Amino acid sequence: MKKEELLTLLHEYESSNEKEKEYKTQMINFINENDVFLGRVNENGHITASAWVVNSDMSKALMNHHRKADMWLHLGGHTEENENVLEATLREVREESGIENVNNISNKIFDLNICKIPDRITEKEHIHYDIVFLFQVDDNKNLVISDESKDLKWIYVSEIEQYSNDSGIIRMVDKTKILRNRS
């Protein structure tokens with residue numbers, strides 16, 4: 001994905017959430033300051049692609065118990081160096097859930113998040129600049145748990161806080177409730 005395309009996508013995204021406004025500014029600055037921002041080449045940080053996957057009536061979200069992080073998260077991961085962020089998100093959903101038929105609700109950003117990844121044996125501390133898109137999937141489809149997950153399941157949006165108290169997850173839960181009430 002070209003720098004200009006990604007910057008346009010970010011500039012078009014509007015949020016009333018103060019934290020997301022900060023994240024947007026930080027992401028734009030990161031992209032402007034770096035020629036390499038996709039993939040894993042930039043050891044200081046990189047753009048990651050994630051999905052908030054909901055069922056048809058938005059009552060449930062698909063969550064995975066991430067093996068490395070040992071916590072319940074939405075689906076997503078690293079981009080490839082020349083990959084479009086939306087395409088990367090679709091690839092991640094398919095790889096992490098085994099579901100091929102994925103409906104993206106919009107080509108626009110659903111949420112932004114920034115998280116610091118701690119030092120590990122294989123990598124130094126770095127930043128994930130996470131761009132999240134909203135997808136809809138039939139919750140009756142068989143799920144396939146990938147090697148990256150300990151578990152994968154549909155969780156009622158009203159119960160997600162029992163699995164995660166992450167502020168980014170809670171923000172997406174709140175957005176989902178708003179969208180659901182509009183339907």
# chains A, B, ... in the order shown; residues from 1 in each chain; ligands from 1
$ residues_around --residues "Ile109 in chain A" --least-positions-apart "3" --cutoff "10 Å" --atoms "only C-alpha atoms" --output "list of chain:residue names"
A:Leu9, A:Leu10, A:Glu12, A:Tyr13, A:Glu14, A:Ala51, A:Leu86, A:Ser106, A:Leu112, A:Ile131, A:Val132, A:Phe133, A:Leu134
$ select_by_dssp --residues "range 9-177 of chain A" --states "strand (DSSP E or B)" --output "ChimeraX atom specification"
/A:45-54,60-66,71-73,75-78,103-104,111-117,126-136,149-156
$ residues_around --residues "Tyr129 in chain A" --least-positions-apart "2" --cutoff "6 Å" --atoms "only C-alpha atoms" --output "number ranges by chain"
A: 46-48, 114
$ write_last_selection --atoms "C-alpha atoms" --output "compact mmCIF listing (two decimals), in the first residue's frame"
# COMPACT_ATOMS: atom_id res chain seq x y z
CA HIS A 46 4.64 -1.00 12.11
CA ILE A 47 1.07 -0.74 10.88
CA THR A 48 -1.01 -3.79 11.79
CA ILE A 114 -1.79 1.76 19.41
$ closest_atom_pairs --of "range 22-73 of chain A" --to "range 151-164 of chain A" --cutoff "6 Å" --atoms "only C-alpha atoms" --output "tab-separated table"
residue	atom	partner	partner_atom	distance
A:Ser59	CA	A:Val157	CA	5.6
A:Lys60	CA	A:Tyr156	CA	4.1
A:Ala61	CA	A:Ile155	CA	5.5
A:Leu62	CA	A:Trp154	CA	4.5
A:Met63	CA	A:Lys153	CA	5.6
A:Asn64	CA	A:Leu152	CA	4.3
A:His65	CA	A:Asp151	CA	5.0
A:Trp72	CA	A:Ser164	CA	6.0
$ closest_residue --among "A:Lys175, A:His126, A:Arg94, A:Lys141" --to "Phe110 in chain A" --atoms "only C-alpha atoms"
A:Lys175
$ closest_residue --among "A:His74, A:Ile28, A:Ser97, A:Lys19" --to "Val173 in chain A" --atoms "only C-alpha atoms"
A:His74
$ residues_around --residues "Glu96 in chain A" --least-positions-apart "5" --cutoff "8 Å" --atoms "only C-alpha atoms" --output "JSON, numbers by chain"
{"A": [75, 76, 144, 145, 146, 148, 149]}
$ atom_distance --atom1 "CA of Asn32 in chain A" --atom2 "CA of Asn107 in chain A"
22.1 Å
$ atom_distance --atom1 "CA of Asn84 in chain A" --atom2 "CA of Asn55 in chain A"
24.4 Å
$ closest_residue --among "A:Leu179, A:Glu22, A:Gly77, A:Ile105" --to "Glu92 in chain A" --atoms "only C-alpha atoms"
A:Gly77
$ select_by_dssp --residues "range 11-51 of chain A" --states "alpha helix (DSSP H)" --output "tab-separated table (two decimals) with C-alpha atoms, in the first residue's frame"
chain	number	residue	atom	x	y	z
A	11	HIS	CA	-7.35	11.47	7.20
A	12	GLU	CA	-10.88	10.39	6.21
A	18	GLU	CA	-10.12	11.64	22.36
A	19	LYS	CA	-7.80	8.64	22.58
A	20	GLU	CA	-8.52	7.71	18.96
A	21	LYS	CA	-7.83	11.30	17.90
A	22	GLU	CA	-4.40	10.99	19.57
A	23	TYR	CA	-3.83	7.62	17.87
A	24	LYS	CA	-4.74	9.06	14.49
A	25	THR	CA	-2.22	11.89	14.89
A	26	GLN	CA	0.47	9.48	16.09
A	27	MET	CA	-0.17	7.10	13.17
A	28	ILE	CA	-0.05	9.88	10.61
A	29	ASN	CA	3.21	11.14	12.12
A	30	PHE	CA	4.67	7.62	12.16
A	31	ILE	CA	3.82	7.05	8.49
A	32	ASN	CA	5.12	10.48	7.45
A	33	GLU	CA	8.39	9.90	9.34
$ closest_residue --among "A:Ser16, A:Ser50, A:Asp139, A:His78" --to "Asn113 in chain A" --atoms "only C-alpha atoms"
A:Ser50
$ residues_around --residues "Leu38 in chain A" --least-positions-apart "3" --cutoff "9 Å" --atoms "only C-alpha atoms" --output "VMD selection string"
chain A and resid 1 41 to 42 45 to 48 78 to 83 85
$ closest_residue --among "A:Lys2, A:His66, A:Gln136, A:Ser15" --to "Val36 in chain A" --atoms "only C-alpha atoms"
A:Lys2
$ atom_distance --atom1 "CA of Thr89 in chain A" --atom2 "CA of Lys177 in chain A"
22.2 Å
$ residues_around --residues "Thr122 in chain A" --least-positions-apart "4" --cutoff "12 Å" --atoms "only C-alpha atoms" --output "PDB file with N, CA and C atoms, in the first residue's frame"
ATOM      1  N   GLU A  43      11.839  -2.093  12.983  1.00  0.00           N
ATOM      2  CA  GLU A  43      11.878  -2.685  14.321  1.00  0.00           C
ATOM      3  C   GLU A  43      11.279  -1.789  15.400  1.00  0.00           C
ATOM      4  N   LYS A  68       0.366 -15.654  22.264  1.00  0.00           N
ATOM      5  CA  LYS A  68       1.507 -14.874  22.772  1.00  0.00           C
ATOM      6  C   LYS A  68       1.080 -13.871  23.838  1.00  0.00           C
ATOM      7  N   ILE A 117       4.351  -3.475  22.217  1.00  0.00           N
ATOM      8  CA  ILE A 117       4.636  -4.900  22.309  1.00  0.00           C
ATOM      9  C   ILE A 117       5.943  -5.042  23.098  1.00  0.00           C
ATOM     10  N   PRO A 118       5.906  -5.803  24.187  1.00  0.00           N
ATOM     11  CA  PRO A 118       7.107  -5.893  25.038  1.00  0.00           C
ATOM     12  C   PRO A 118       8.237  -6.701  24.388  1.00  0.00           C
ATOM     13  N   HIS A 126       8.450  -2.856  20.564  1.00  0.00           N
ATOM     14  CA  HIS A 126       8.076  -2.021  19.419  1.00  0.00           C
ATOM     15  C   HIS A 126       6.593  -1.657  19.525  1.00  0.00           C
TER      16      HIS A 126
END
$ closest_residue --among "A:Arg120, A:Ile99, A:Ala69, A:Ile178" --to "Asn140 in chain A" --atoms "only C-alpha atoms"
A:Ile99
$ decode --residues "range 14-38 of chain A" --atoms "N, CA and C atoms" --output "PDB file, in the first residue's frame"
ATOM      1  N   GLU A  14     -12.922   9.776  11.084  1.00  0.00           N
ATOM      2  CA  GLU A  14     -13.313  10.723  12.131  1.00  0.00           C
ATOM      3  C   GLU A  14     -13.786   9.949  13.358  1.00  0.00           C
ATOM      4  N   SER A  15     -13.370  10.398  14.510  1.00  0.00           N
ATOM      5  CA  SER A  15     -13.810   9.798  15.766  1.00  0.00           C
ATOM      6  C   SER A  15     -14.025  10.900  16.780  1.00  0.00           C
ATOM      7  N   SER A  16     -15.011  10.701  17.630  1.00  0.00           N
ATOM      8  CA  SER A  16     -15.239  11.655  18.712  1.00  0.00           C
ATOM      9  C   SER A  16     -14.447  11.266  19.960  1.00  0.00           C
ATOM     10  N   ASN A  17     -13.837  10.094  19.922  1.00  0.00           N
ATOM     11  CA  ASN A  17     -13.066   9.593  21.056  1.00  0.00           C
ATOM     12  C   ASN A  17     -11.696  10.278  21.106  1.00  0.00           C
ATOM     13  N   GLU A  18     -11.382  10.885  22.231  1.00  0.00           N
ATOM     14  CA  GLU A  18     -10.125  11.644  22.364  1.00  0.00           C
ATOM     15  C   GLU A  18      -8.898  10.756  22.185  1.00  0.00           C
ATOM     16  N   LYS A  19      -8.936   9.543  22.708  1.00  0.00           N
ATOM     17  CA  LYS A  19      -7.798   8.636  22.576  1.00  0.00           C
ATOM     18  C   LYS A  19      -7.568   8.287  21.102  1.00  0.00           C
ATOM     19  N   GLU A  20      -8.657   8.021  20.389  1.00  0.00           N
ATOM     20  CA  GLU A  20      -8.516   7.707  18.960  1.00  0.00           C
ATOM     21  C   GLU A  20      -7.981   8.901  18.168  1.00  0.00           C
ATOM     22  N   LYS A  21      -8.366  10.102  18.565  1.00  0.00           N
ATOM     23  CA  LYS A  21      -7.831  11.299  17.901  1.00  0.00           C
ATOM     24  C   LYS A  21      -6.309  11.363  18.079  1.00  0.00           C
ATOM     25  N   GLU A  22      -5.846  11.045  19.298  1.00  0.00           N
ATOM     26  CA  GLU A  22      -4.400  10.994  19.567  1.00  0.00           C
ATOM     27  C   GLU A  22      -3.744   9.917  18.714  1.00  0.00           C
ATOM     28  N   TYR A  23      -4.374   8.736  18.657  1.00  0.00           N
ATOM     29  CA  TYR A  23      -3.831   7.624  17.872  1.00  0.00           C
ATOM     30  C   TYR A  23      -3.729   8.000  16.405  1.00  0.00           C
ATOM     31  N   LYS A  24      -4.744   8.658  15.892  1.00  0.00           N
ATOM     32  CA  LYS A  24      -4.742   9.063  14.488  1.00  0.00           C
ATOM     33  C   LYS A  24      -3.546   9.980  14.206  1.00  0.00           C
ATOM     34  N   THR A  25      -3.344  10.967  15.048  1.00  0.00           N
ATOM     35  CA  THR A  25      -2.218  11.888  14.890  1.00  0.00           C
ATOM     36  C   THR A  25      -0.891  11.142  14.963  1.00  0.00           C
ATOM     37  N   GLN A  26      -0.765  10.236  15.933  1.00  0.00           N
ATOM     38  CA  GLN A  26       0.471   9.476  16.086  1.00  0.00           C
ATOM     39  C   GLN A  26       0.725   8.578  14.878  1.00  0.00           C
ATOM     40  N   MET A  27      -0.325   7.967  14.340  1.00  0.00           N
ATOM     41  CA  MET A  27      -0.169   7.105  13.166  1.00  0.00           C
ATOM     42  C   MET A  27       0.244   7.906  11.936  1.00  0.00           C
ATOM     43  N   ILE A  28      -0.394   9.031  11.746  1.00  0.00           N
ATOM     44  CA  ILE A  28      -0.048   9.884  10.607  1.00  0.00           C
ATOM     45  C   ILE A  28       1.402  10.330  10.722  1.00  0.00           C
ATOM     46  N   ASN A  29       1.816  10.726  11.917  1.00  0.00           N
ATOM     47  CA  ASN A  29       3.212  11.138  12.124  1.00  0.00           C
ATOM     48  C   ASN A  29       4.170   9.979  11.858  1.00  0.00           C
ATOM     49  N   PHE A  30       3.825   8.792  12.358  1.00  0.00           N
ATOM     50  CA  PHE A  30       4.670   7.616  12.158  1.00  0.00           C
ATOM     51  C   PHE A  30       4.847   7.315  10.661  1.00  0.00           C
ATOM     52  N   ILE A  31       3.758   7.340   9.924  1.00  0.00           N
ATOM     53  CA  ILE A  31       3.817   7.051   8.488  1.00  0.00           C
ATOM     54  C   ILE A  31       4.615   8.126   7.756  1.00  0.00           C
ATOM     55  N   ASN A  32       4.379   9.387   8.103  1.00  0.00           N
ATOM     56  CA  ASN A  32       5.118  10.476   7.453  1.00  0.00           C
ATOM     57  C   ASN A  32       6.620  10.418   7.743  1.00  0.00           C
ATOM     58  N   GLU A  33       6.988   9.930   8.922  1.00  0.00           N
ATOM     59  CA  GLU A  33       8.392   9.903   9.337  1.00  0.00           C
ATOM     60  C   GLU A  33       9.139   8.646   8.890  1.00  0.00           C
ATOM     61  N   ASN A  34       8.419   7.659   8.331  1.00  0.00           N
ATOM     62  CA  ASN A  34       9.045   6.385   7.982  1.00  0.00           C
ATOM     63  C   ASN A  34       8.708   5.971   6.560  1.00  0.00           C
ATOM     64  N   ASP A  35       9.722   5.544   5.829  1.00  0.00           N
ATOM     65  CA  ASP A  35       9.473   5.008   4.491  1.00  0.00           C
ATOM     66  C   ASP A  35       8.971   3.568   4.579  1.00  0.00           C
ATOM     67  N   VAL A  36       9.377   2.857   5.627  1.00  0.00           N
ATOM     68  CA  VAL A  36       8.939   1.476   5.834  1.00  0.00           C
ATOM     69  C   VAL A  36       8.011   1.459   7.044  1.00  0.00           C
ATOM     70  N   PHE A  37       6.736   1.165   6.794  1.00  0.00           N
ATOM     71  CA  PHE A  37       5.746   1.179   7.872  1.00  0.00           C
ATOM     72  C   PHE A  37       4.855  -0.060   7.850  1.00  0.00           C
ATOM     73  N   LEU A  38       4.930  -0.855   6.784  1.00  0.00           N
ATOM     74  CA  LEU A  38       4.190  -2.114   6.695  1.00  0.00           C
ATOM     75  C   LEU A  38       5.161  -3.268   6.911  1.00  0.00           C
TER      76      LEU A  38
END
